[in-house]
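S.K.: Please find model18.cif (mmCIF, C-alpha atoms; chains and numbers go by the auth columns) on the next line:
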```cif
data_upload
#
loop_
_atom_site.group_PDB
_atom_site.id
_atom_site.type_symbol
_atom_site.label_atom_id
_atom_site.label_comp_id
_atom_site.label_asym_id
_atom_site.label_seq_id
_atom_site.Cartn_x
_atom_site.Cartn_y
_atom_site.Cartn_z
_atom_site.B_iso_or_equiv
_atom_site.auth_seq_id
_atom_site.auth_asym_id
ATOM 1 C CA MET A 1 0.000 0.000 0.000 0.00 77 A
ATOM 2 C CA ALA A 2 1.111 3.527 -0.760 0.00 78 A
ATOM 3 C CA GLN A 3 2.011 5.557 2.291 0.00 79 A
ATOM 4 C CA VAL A 4 2.478 9.285 2.662 0.00 80 A
ATOM 5 C CA ARG A 5 3.851 11.504 5.399 0.00 81 A
ATOM 6 C CA VAL A 6 1.240 14.092 6.390 0.00 82 A
ATOM 7 C CA ARG A 7 2.326 17.229 8.249 0.00 83 A
ATOM 8 C CA TYR A 8 0.050 19.567 10.177 0.00 84 A
ATOM 9 C CA PHE A 9 0.608 23.219 10.985 0.00 85 A
ATOM 10 C CA ALA A 10 -1.025 25.978 13.009 0.00 86 A
ATOM 11 C CA SER A 11 -4.763 25.488 13.581 0.00 87 A
ATOM 12 C CA LEU A 12 -4.760 22.027 11.983 0.00 88 A
ATOM 13 C CA ARG A 13 -1.854 20.935 14.184 0.00 89 A
ATOM 14 C CA GLU A 14 -3.775 22.100 17.228 0.00 90 A
ATOM 15 C CA ARG A 15 -6.944 20.364 16.067 0.00 91 A
ATOM 16 C CA LYS A 16 -5.177 17.056 15.315 0.00 92 A
ATOM 17 C CA GLY A 17 -2.927 17.238 18.367 0.00 93 A
ATOM 18 C CA ILE A 18 0.010 15.934 16.303 0.00 94 A
ATOM 19 C CA GLU A 19 2.612 17.478 14.015 0.00 95 A
ATOM 20 C CA GLU A 20 2.701 14.648 11.511 0.00 96 A
ATOM 21 C CA GLU A 21 1.650 11.077 10.800 0.00 97 A
ATOM 22 C CA GLN A 22 2.185 8.301 8.286 0.00 98 A
ATOM 23 C CA VAL A 23 -1.014 7.517 6.406 0.00 99 A
ATOM 24 C CA GLU A 24 -1.921 4.658 4.071 0.00 100 A
ATOM 25 C CA LEU A 25 -3.613 5.964 0.951 0.00 101 A
ATOM 26 C CA LEU A 26 -6.838 4.539 -0.366 0.00 102 A
ATOM 27 C CA GLU A 27 -6.952 3.501 -4.018 0.00 103 A
ATOM 28 C CA GLY A 28 -6.927 6.615 -6.209 0.00 104 A
ATOM 29 C CA GLU A 29 -7.367 8.928 -3.248 0.00 105 A
ATOM 30 C CA THR A 30 -6.875 12.598 -4.102 0.00 106 A
ATOM 31 C CA LEU A 31 -5.404 15.246 -1.820 0.00 107 A
ATOM 32 C CA GLY A 32 -8.876 16.709 -1.348 0.00 108 A
ATOM 33 C CA ALA A 33 -10.354 13.340 -0.389 0.00 109 A
ATOM 34 C CA LEU A 34 -7.447 12.596 1.931 0.00 110 A
ATOM 35 C CA TYR A 35 -7.999 15.923 3.689 0.00 111 A
ATOM 36 C CA LEU A 36 -11.687 15.190 4.224 0.00 112 A
ATOM 37 C CA ARG A 37 -10.858 11.718 5.564 0.00 113 A
ATOM 38 C CA LEU A 38 -8.192 12.935 8.002 0.00 114 A
ATOM 39 C CA CYS A 39 -9.816 16.228 8.936 0.00 115 A
ATOM 40 C CA PRO A 40 -13.567 15.687 8.601 0.00 116 A
ATOM 41 C CA PRO A 41 -15.792 18.755 8.737 0.00 117 A
ATOM 42 C CA ILE A 42 -16.487 20.095 12.179 0.00 118 A
ATOM 43 C CA PRO A 43 -19.341 22.360 13.291 0.00 119 A
ATOM 44 C CA GLY A 44 -18.716 25.792 11.871 0.00 120 A
ATOM 45 C CA GLY A 45 -17.678 24.442 8.483 0.00 121 A
ATOM 46 C CA VAL A 46 -14.630 23.025 6.755 0.00 122 A
ATOM 47 C CA LEU A 47 -11.497 25.040 7.321 0.00 123 A
ATOM 48 C CA PRO A 48 -10.331 26.292 3.929 0.00 124 A
ATOM 49 C CA VAL A 49 -6.943 24.848 3.040 0.00 125 A
ATOM 50 C CA ALA A 50 -4.360 24.835 0.330 0.00 126 A
ATOM 51 C CA TYR A 51 -2.546 21.616 -0.474 0.00 127 A
ATOM 52 C CA ALA A 52 1.186 21.001 -0.563 0.00 128 A
ATOM 53 C CA ARG A 53 2.836 17.957 -2.080 0.00 129 A
ATOM 54 C CA ASN A 54 6.592 17.490 -1.757 0.00 130 A
ATOM 55 C CA LEU A 55 7.072 21.123 -0.681 0.00 131 A
ATOM 56 C CA THR A 56 5.154 22.775 -3.524 0.00 132 A
ATOM 57 C CA TYR A 57 1.541 23.889 -3.843 0.00 133 A
ATOM 58 C CA ALA A 58 -0.674 21.211 -5.382 0.00 134 A
ATOM 59 C CA GLY A 59 -4.259 20.903 -6.598 0.00 135 A
ATOM 60 C CA ALA A 60 -7.000 19.162 -4.608 0.00 136 A
ATOM 61 C CA ASP A 61 -7.487 16.638 -7.425 0.00 137 A
ATOM 62 C CA GLU A 62 -3.882 15.420 -7.474 0.00 138 A
ATOM 63 C CA VAL A 63 -3.302 11.805 -6.468 0.00 139 A
ATOM 64 C CA PRO A 64 -0.173 11.469 -4.318 0.00 140 A
ATOM 65 C CA ASP A 65 2.453 8.770 -4.772 0.00 141 A
ATOM 66 C CA ASP A 66 4.005 6.442 -2.239 0.00 142 A
ATOM 67 C CA GLY A 67 6.550 8.287 -0.111 0.00 143 A
ATOM 68 C CA ASP A 68 5.193 11.773 -0.809 0.00 144 A
ATOM 69 C CA GLU A 69 5.164 14.442 1.862 0.00 145 A
ATOM 70 C CA ILE A 70 1.726 16.019 2.048 0.00 146 A
ATOM 71 C CA SER A 71 0.499 18.993 3.993 0.00 147 A
ATOM 72 C CA PHE A 72 -2.822 20.754 4.326 0.00 148 A
ATOM 73 C CA LEU A 73 -2.178 24.448 4.779 0.00 149 A
ATOM 74 C CA PRO A 74 -4.602 26.545 6.801 0.00 150 A
ATOM 75 C CA PRO A 75 -4.968 30.154 5.604 0.00 151 A
ATOM 76 C CA ILE A 76 -1.493 31.663 5.818 0.00 152 A
ATOM 77 C CA GLY A 77 -0.590 34.750 7.819 0.00 153 A
ATOM 78 C CA GLY A 78 3.047 35.568 7.194 0.00 154 A
ATOM 79 C CA GLY A 79 4.423 39.054 6.790 0.00 155 A
ATOM 80 C CA MET B 1 19.882 35.629 1.946 0.00 252 B
ATOM 81 C CA LEU B 2 16.517 33.865 1.815 0.00 253 B
ATOM 82 C CA ALA B 3 15.748 32.229 5.116 0.00 254 B
ATOM 83 C CA ILE B 4 13.355 31.277 7.890 0.00 255 B
ATOM 84 C CA VAL B 5 14.944 31.837 11.292 0.00 256 B
ATOM 85 C CA ASP B 6 13.753 30.855 14.741 0.00 257 B
ATOM 86 C CA GLY B 7 14.725 33.999 16.618 0.00 258 B
ATOM 87 C CA PRO B 8 15.385 37.715 16.169 0.00 259 B
ATOM 88 C CA ILE B 9 16.224 38.841 12.637 0.00 260 B
ATOM 89 C CA ASP B 10 19.603 40.489 12.085 0.00 261 B
ATOM 90 C CA VAL B 11 18.316 43.454 10.058 0.00 262 B
ATOM 91 C CA GLY B 12 21.827 44.670 9.229 0.00 263 B
ATOM 92 C CA ALA B 13 22.755 41.299 7.793 0.00 264 B
ATOM 93 C CA VAL B 14 19.655 41.270 5.552 0.00 265 B
ATOM 94 C CA ARG B 15 20.510 44.781 4.353 0.00 266 B
ATOM 95 C CA ALA B 16 24.112 43.757 3.685 0.00 267 B
ATOM 96 C CA ALA B 17 22.915 40.799 1.626 0.00 268 B
ATOM 97 C CA ALA B 18 21.072 43.166 -0.729 0.00 269 B
ATOM 98 C CA SER B 19 23.984 45.596 -1.051 0.00 270 B
ATOM 99 C CA ASP B 20 26.391 46.102 -3.917 0.00 271 B
ATOM 100 C CA PRO B 21 28.814 48.921 -4.798 0.00 272 B
ATOM 101 C CA SER B 22 26.909 49.432 -8.067 0.00 273 B
ATOM 102 C CA PHE B 23 23.599 50.084 -6.287 0.00 274 B
ATOM 103 C CA GLY B 24 22.258 53.573 -5.753 0.00 275 B
ATOM 104 C CA ALA B 25 19.301 52.427 -3.652 0.00 276 B
ATOM 105 C CA ILE B 26 18.764 49.955 -0.844 0.00 277 B
ATOM 106 C CA LEU B 27 15.313 49.690 0.671 0.00 278 B
ATOM 107 C CA VAL B 28 14.782 47.769 3.905 0.00 279 B
ATOM 108 C CA PHE B 29 11.209 46.857 4.793 0.00 280 B
ATOM 109 C CA GLU B 30 10.392 45.596 8.272 0.00 281 B
ATOM 110 C CA GLY B 31 7.020 44.031 9.045 0.00 282 B
ATOM 111 C CA VAL B 32 6.598 44.475 12.776 0.00 283 B
ATOM 112 C CA GLY B 33 4.259 43.193 15.446 0.00 284 B
ATOM 113 C CA ARG B 34 1.324 45.547 15.979 0.00 285 B
ATOM 114 C CA HIS B 35 -0.232 46.533 19.234 0.00 286 B
ATOM 115 C CA ASP B 36 -3.929 46.039 18.553 0.00 287 B
ATOM 116 C CA PHE B 37 -6.329 44.310 16.192 0.00 288 B
ATOM 117 C CA GLU B 38 -9.881 45.642 15.872 0.00 289 B
ATOM 118 C CA GLY B 39 -9.741 47.063 19.360 0.00 290 B
ATOM 119 C CA ARG B 40 -8.332 43.942 21.020 0.00 291 B
ATOM 120 C CA ARG B 41 -5.044 44.419 22.763 0.00 292 B
ATOM 121 C CA VAL B 42 -2.380 42.144 21.269 0.00 293 B
ATOM 122 C CA VAL B 43 0.146 41.045 23.860 0.00 294 B
ATOM 123 C CA GLN B 44 2.394 39.058 21.549 0.00 295 B
ATOM 124 C CA LEU B 45 2.524 37.301 18.194 0.00 296 B
ATOM 125 C CA ALA B 46 3.606 33.745 17.581 0.00 297 B
ATOM 126 C CA TYR B 47 4.711 32.660 14.115 0.00 298 B
ATOM 127 C CA GLU B 48 4.957 29.104 12.821 0.00 299 B
ATOM 128 C CA ALA B 49 6.406 28.052 9.454 0.00 300 B
ATOM 129 C CA TYR B 50 6.548 25.082 7.157 0.00 301 B
ATOM 130 C CA ALA B 51 10.227 25.950 6.799 0.00 302 B
ATOM 131 C CA GLU B 52 11.208 23.240 4.293 0.00 303 B
ATOM 132 C CA MET B 53 8.551 24.588 1.910 0.00 304 B
ATOM 133 C CA ALA B 54 8.916 28.264 2.828 0.00 305 B
ATOM 134 C CA VAL B 55 12.541 28.599 1.762 0.00 306 B
ATOM 135 C CA PRO B 56 11.848 27.422 -1.819 0.00 307 B
ATOM 136 C CA VAL B 57 8.901 29.858 -1.917 0.00 308 B
ATOM 137 C CA LEU B 58 11.249 32.705 -0.950 0.00 309 B
ATOM 138 C CA GLU B 59 13.684 31.533 -3.631 0.00 310 B
ATOM 139 C CA SER B 60 10.886 31.569 -6.225 0.00 311 B
ATOM 140 C CA ILE B 61 9.842 35.104 -5.289 0.00 312 B
ATOM 141 C CA ALA B 62 13.434 36.342 -5.482 0.00 313 B
ATOM 142 C CA ALA B 63 13.907 34.627 -8.847 0.00 314 B
ATOM 143 C CA GLU B 64 10.718 36.244 -10.183 0.00 315 B
ATOM 144 C CA ALA B 65 11.920 39.662 -9.049 0.00 316 B
ATOM 145 C CA THR B 66 15.326 39.152 -10.617 0.00 317 B
ATOM 146 C CA ALA B 67 13.733 38.051 -13.908 0.00 318 B
ATOM 147 C CA ARG B 68 11.367 41.033 -13.959 0.00 319 B
ATOM 148 C CA TRP B 69 13.898 43.617 -12.759 0.00 320 B
ATOM 149 C CA PRO B 70 17.328 42.412 -13.932 0.00 321 B
ATOM 150 C CA GLY B 71 20.209 43.618 -11.821 0.00 322 B
ATOM 151 C CA CYS B 72 18.300 43.848 -8.547 0.00 323 B
ATOM 152 C CA ARG B 73 19.158 41.935 -5.403 0.00 324 B
ATOM 153 C CA VAL B 74 16.512 40.714 -2.967 0.00 325 B
ATOM 154 C CA ALA B 75 17.064 39.368 0.554 0.00 326 B
ATOM 155 C CA MET B 76 14.146 38.096 2.630 0.00 327 B
ATOM 156 C CA VAL B 77 14.068 36.671 6.131 0.00 328 B
ATOM 157 C CA HIS B 78 10.960 35.653 8.065 0.00 329 B
ATOM 158 C CA ARG B 79 11.175 34.552 11.645 0.00 330 B
ATOM 159 C CA THR B 80 9.215 32.098 13.735 0.00 331 B
ATOM 160 C CA GLY B 81 8.502 31.942 17.432 0.00 332 B
ATOM 161 C CA ILE B 82 7.228 34.644 19.745 0.00 333 B
ATOM 162 C CA VAL B 83 7.597 38.169 18.373 0.00 334 B
ATOM 163 C CA ALA B 84 7.213 41.128 20.709 0.00 335 B
ATOM 164 C CA ILE B 85 5.240 44.205 19.690 0.00 336 B
ATOM 165 C CA GLY B 86 7.493 46.460 17.630 0.00 337 B
ATOM 166 C CA GLU B 87 9.897 43.685 16.714 0.00 338 B
ATOM 167 C CA PRO B 88 10.217 42.597 13.064 0.00 339 B
ATOM 168 C CA SER B 89 8.636 39.326 11.970 0.00 340 B
ATOM 169 C CA VAL B 90 9.849 39.805 8.404 0.00 341 B
ATOM 170 C CA VAL B 91 12.615 41.856 6.811 0.00 342 B
ATOM 171 C CA ILE B 92 12.906 42.417 3.069 0.00 343 B
ATOM 172 C CA ALA B 93 15.915 44.248 1.686 0.00 344 B
ATOM 173 C CA VAL B 94 16.114 45.226 -1.972 0.00 345 B
ATOM 174 C CA GLY B 95 19.066 46.736 -3.749 0.00 346 B
ATOM 175 C CA THR B 96 18.950 48.313 -7.223 0.00 347 B
ATOM 176 C CA PRO B 97 21.027 50.663 -9.351 0.00 348 B
ATOM 177 C CA HIS B 98 18.237 53.301 -9.233 0.00 349 B
ATOM 178 C CA ARG B 99 15.528 54.139 -6.704 0.00 350 B
ATOM 179 C CA ALA B 100 12.291 53.862 -8.705 0.00 351 B
ATOM 180 C CA GLU B 101 12.306 50.109 -9.211 0.00 352 B
ATOM 181 C CA CYS B 102 13.547 49.575 -5.671 0.00 353 B
ATOM 182 C CA TYR B 103 10.129 50.583 -4.275 0.00 354 B
ATOM 183 C CA GLU B 104 8.314 48.442 -6.824 0.00 355 B
ATOM 184 C CA ILE B 105 10.378 45.353 -6.096 0.00 356 B
ATOM 185 C CA SER B 106 10.035 45.737 -2.341 0.00 357 B
ATOM 186 C CA ARG B 107 6.245 45.896 -2.613 0.00 358 B
ATOM 187 C CA TYR B 108 6.142 43.009 -5.085 0.00 359 B
ATOM 188 C CA ALA B 109 8.226 40.797 -2.819 0.00 360 B
ATOM 189 C CA LEU B 110 6.143 41.609 0.245 0.00 361 B
ATOM 190 C CA GLU B 111 2.781 40.996 -1.412 0.00 362 B
ATOM 191 C CA ALA B 112 4.002 37.747 -2.990 0.00 363 B
ATOM 192 C CA LEU B 113 5.279 36.617 0.394 0.00 364 B
ATOM 193 C CA LYS B 114 1.982 37.413 2.112 0.00 365 B
ATOM 194 C CA ALA B 115 0.084 35.486 -0.561 0.00 366 B
ATOM 195 C CA ARG B 116 2.305 32.399 -0.777 0.00 367 B
ATOM 196 C CA LEU B 117 4.678 31.899 2.135 0.00 368 B
ATOM 197 C CA PRO B 118 3.538 28.962 4.322 0.00 369 B
ATOM 198 C CA VAL B 119 3.758 30.854 7.595 0.00 370 B
ATOM 199 C CA TRP B 120 1.049 31.266 10.221 0.00 371 B
ATOM 200 C CA LYS B 121 0.494 33.970 12.793 0.00 372 B
ATOM 201 C CA LYS B 122 -1.206 33.558 16.123 0.00 373 B
ATOM 202 C CA GLU B 123 -2.239 36.731 17.890 0.00 374 B
ATOM 203 C CA VAL B 124 -2.237 36.383 21.647 0.00 375 B
ATOM 204 C CA TYR B 125 -4.609 38.809 23.396 0.00 376 B
ATOM 205 C CA GLU B 126 -5.032 39.604 27.050 0.00 377 B
ATOM 206 C CA ASP B 127 -8.086 37.326 26.961 0.00 378 B
ATOM 207 C CA GLY B 128 -7.402 34.594 24.401 0.00 379 B
ATOM 208 C CA SER B 129 -5.729 33.991 21.052 0.00 380 B
ATOM 209 C CA ALA B 130 -6.533 33.517 17.361 0.00 381 B
ATOM 210 C CA TRP B 131 -4.807 32.425 14.152 0.00 382 B
ATOM 211 C CA LYS B 132 -4.884 35.394 11.770 0.00 383 B
ATOM 212 C CA ALA B 133 -4.968 34.931 8.004 0.00 384 B
ATOM 213 C CA ASN B 134 -3.739 37.490 5.483 0.00 385 B
ATOM 214 C CA THR B 135 -6.312 39.229 3.337 0.00 386 B
ATOM 215 C CA PRO B 136 -5.483 40.065 -0.280 0.00 387 B
ATOM 216 C CA ASP B 137 -4.529 43.706 -0.784 0.00 388 B
ATOM 217 C CA PRO B 138 -6.432 45.174 -3.764 0.00 389 B
ATOM 218 C CA THR B 139 -3.669 47.743 -4.283 0.00 390 B
ATOM 219 C CA ALA B 140 -0.963 45.073 -4.548 0.00 391 B
ATOM 220 C CA PRO B 141 1.076 45.094 -7.776 0.00 392 B
#
```
Now, as a test, write the supplied structure out as structure tokens.

M.R.:
Amino acid sequence: MAQVRVRYFASLRERKGIEEEQVELLEGETLGALYLRLCPPIPGGVLPVAYARNLTYAGADEVPDDGDEISFLPPIGGG
Amino acid sequence: MLAIVDGPIDVGAVRAAASDPSFGAILVFEGVGRHDFEGRRVVQLAYEAYAEMAVPVLESIAAEATARWPGCRVAMVHRTGIVAIGEPSVVIAVGTPHRAECYEISRYALEALKARLPVWKKEVYEDGSAWKANTPDPTAP
């Protein structure tokens, strides 16, 4: 089975209570579907996120490969 | 110099990294912690970064600036951790042969950073805290 490393930051890190985890992918699972599986909607709505795959921004419909590093990015606030 | 640091930013070092004897202008922008947000008193700011991704984003922004304004030099450092009010969370230094493009590049780099850099800010108030997201600036270049 394909496995990815998922990293959490900021509000998602606080919500999950972990900084990262190894996750087995489902067949054909997209980044968007993986996000909904790992971070299901909570009251107040789904937190809007951007997706990162191997340190670059990625689309929600991309299907990750075994060994990829994935992150779901809450709205950023640098500057 | 394109970096994420976990501690105070050495502003002089960022400026030096954007300097060159052929430059007639060096502009140093500091984004600093602000005292209040919509009437709530901010005690401190805490920044968190996806550093392994953030550095390549800074490199991309600098490369875009160099392609658009050949001959310029851009240095950008964002910090993480707890930032006191009045202390810089980000420093952008731009050096150019002439002043006009120096202002343009500085603004471009800052707005690109605010739109793309995977960094998060938590405002800590006297009575709680909140993660604050950037809002797009309609006047951005």

S.K.: What lies within 12 Å of Gly93 (chain A) using only C-alpha atoms, ignoring chain neighbours under 5 positions off, as a CSV table (one decimal) with C-alpha atoms, keeping the file's coordinate frame?

M.R.:
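In the end it all went to around_35.csv:
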```
chain,number,residue,atom,x,y,z
A,83,ARG,CA,2.3,17.2,8.2
A,84,TYR,CA,0.0,19.6,10.2
A,85,PHE,CA,0.6,23.2,11.0
A,86,ALA,CA,-1.0,26.0,13.0
A,87,SER,CA,-4.8,25.5,13.6
A,88,LEU,CA,-4.8,22.0,12.0
A,115,CYS,CA,-9.8,16.2,8.9
```

S.K.: Using all atoms listed in the file, which of the listed residues (B:Asp271, B:Glu310, B:Asp287, B:Glu281) sits closest to Thr347 (chain B)?

M.R.: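 The shortest atom-to-atom distance to Thr347 (chain B) comes from B:Asp271.
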
S.K.: Evaluating the PyMOL selection byres ((chain B) within 7 of (chain A)) on the displayed file yields which residues, as a PyMOL selection string?

M.R.: chain B and resi 282+299+303-304+340-341+364-365+368-372+382-385

S.K.: Please indicate the distance in Å from CA of Val328 (chain B) to CA of Val265 (chain B), rounded to one decimal place.

M.R.: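 Those two atoms sit 7.3 Å apart.
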
S.K.: Taking the file as I've supplied it (selection: the PyMOL selection byres ((chain A and resi 104) around 12)), which residues are included? Please answer as a CSV table (one decimal) with C-alpha atoms, keeping the file's coordinate frame.

M.R.:
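Output contents, as saved in expr_38.csv:
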```csv
chain,number,residue,atom,x,y,z
A,77,MET,CA,0.0,0.0,0.0
A,78,ALA,CA,1.1,3.5,-0.8
A,100,GLU,CA,-1.9,4.7,4.1
A,101,LEU,CA,-3.6,6.0,1.0
A,102,LEU,CA,-6.8,4.5,-0.4
A,103,GLU,CA,-7.0,3.5,-4.0
A,105,GLU,CA,-7.4,8.9,-3.2
A,106,THR,CA,-6.9,12.6,-4.1
A,107,LEU,CA,-5.4,15.2,-1.8
A,108,GLY,CA,-8.9,16.7,-1.3
A,109,ALA,CA,-10.4,13.3,-0.4
A,110,LEU,CA,-7.4,12.6,1.9
A,137,ASP,CA,-7.5,16.6,-7.4
A,138,GLU,CA,-3.9,15.4,-7.5
A,139,VAL,CA,-3.3,11.8,-6.5
A,140,PRO,CA,-0.2,11.5,-4.3
A,141,ASP,CA,2.5,8.8,-4.8
A,142,ASP,CA,4.0,6.4,-2.2
```

S.K.: For CA of Tyr359 (chain B) and CA of Ala264 (chain B), determine how far apart the two atoms are, in Å to one decimal place.

M.R.: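 We find that CA of Tyr359 (chain B) and CA of Ala264 (chain B) lie 21.1 Å from each other.
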
S.K.: For each of A:Ile118, A:Val99, A:Ile94, A:Ala136, take the minimum atom-to-atom distance to Arg81 (chain A), counting only C-alpha atoms, then give the residue where this is smallest.

M.R.: A:Val99

S.K.: Leaving out region 331-333 of chain B and any residue of its chain fewer than 6 positions from it, which residues lie within 8 Å of it when counting only C-alpha atoms, given as an mmCIF file with C-alpha atoms, in the coordinates of the input?

M.R.:
```cif
data_model
loop_
_atom_site.group_PDB
_atom_site.id
_atom_site.type_symbol
_atom_site.label_atom_id
_atom_site.label_comp_id
_atom_site.auth_asym_id
_atom_site.auth_seq_id
_atom_site.Cartn_x
_atom_site.Cartn_y
_atom_site.Cartn_z
ATOM 1 C CA ILE B 255 13.355 31.277 7.890
ATOM 2 C CA VAL B 256 14.944 31.837 11.292
ATOM 3 C CA ASP B 257 13.753 30.855 14.741
ATOM 4 C CA GLY B 258 14.725 33.999 16.618
ATOM 5 C CA GLN B 295 2.394 39.058 21.549
ATOM 6 C CA LEU B 296 2.524 37.301 18.194
ATOM 7 C CA ALA B 297 3.606 33.745 17.581
ATOM 8 C CA TYR B 298 4.711 32.660 14.115
ATOM 9 C CA GLU B 299 4.957 29.104 12.821
ATOM 10 C CA ALA B 300 6.406 28.052 9.454
ATOM 11 C CA SER B 340 8.636 39.326 11.970
#
```

S.K.: Closest to Leu309 (chain B) among B:Pro321, B:Met327, B:Val334, B:Ala267, using all atoms listed in the file?

M.R.: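 Nearest to Leu309 (chain B): B:Met327.
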
S.K.: Emit as lines of an AutoDock Vina configuration file the padded axis-aligned box for all listed atoms of region 338-351 of chain B, 8 Å per side, with centre and edge lengths in Å to one decimal.

M.R.:
```
center_x = 14.8
center_y = 46.7
center_z = 3.7
size_x = 28.4
size_y = 30.8
size_z = 42.1
```

S.K.: State, in Å with one decimal place, the distance from CA of Arg350 (chain B) to CA of Gly337 (chain B).

M.R.: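 The value is 26.8 Å.
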
S.K.: Please determine, counting all atoms listed in the file, which residue among B:Gly379, B:Pro307, B:Pro387, B:Pro339 has the shortest atom-to-atom distance to Phe280 (chain B).

M.R.: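 Of the candidates, the smallest distance to Phe280 (chain B) is held by B:Pro339.
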
S.K.: Can you work out which one of B:Glu355, B:Ile343, B:Arg330, B:Ala269 has the shortest atom-to-atom distance to Tyr301 (chain B), counting all atoms listed in the file?

M.R.: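 Between B:Glu355, B:Ile343, B:Arg330, B:Ala269, the residue approaching Tyr301 (chain B) most closely is B:Arg330.
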
S.K.: Point out the residue among B:Ala302, B:Ala366, B:Ala313, B:Val325 with the least atom-to-atom distance to Ser270 (chain B), counting only C-alpha atoms.

M.R.: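 For Ser270 (chain B), the nearest of the candidates is B:Val325.
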
S.K.: Can you tell me, as a list of chain:residue names, what residues are no more than 8 Å from Val82 (chain A) when counting only C-alpha atoms, ignoring any on the same chain fewer than 6 positions away?

M.R.: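 In the requested format, the answer is A:Glu96, A:Glu97, A:Gln98, A:Val99, A:Glu145, A:Ile146, A:Ser147.
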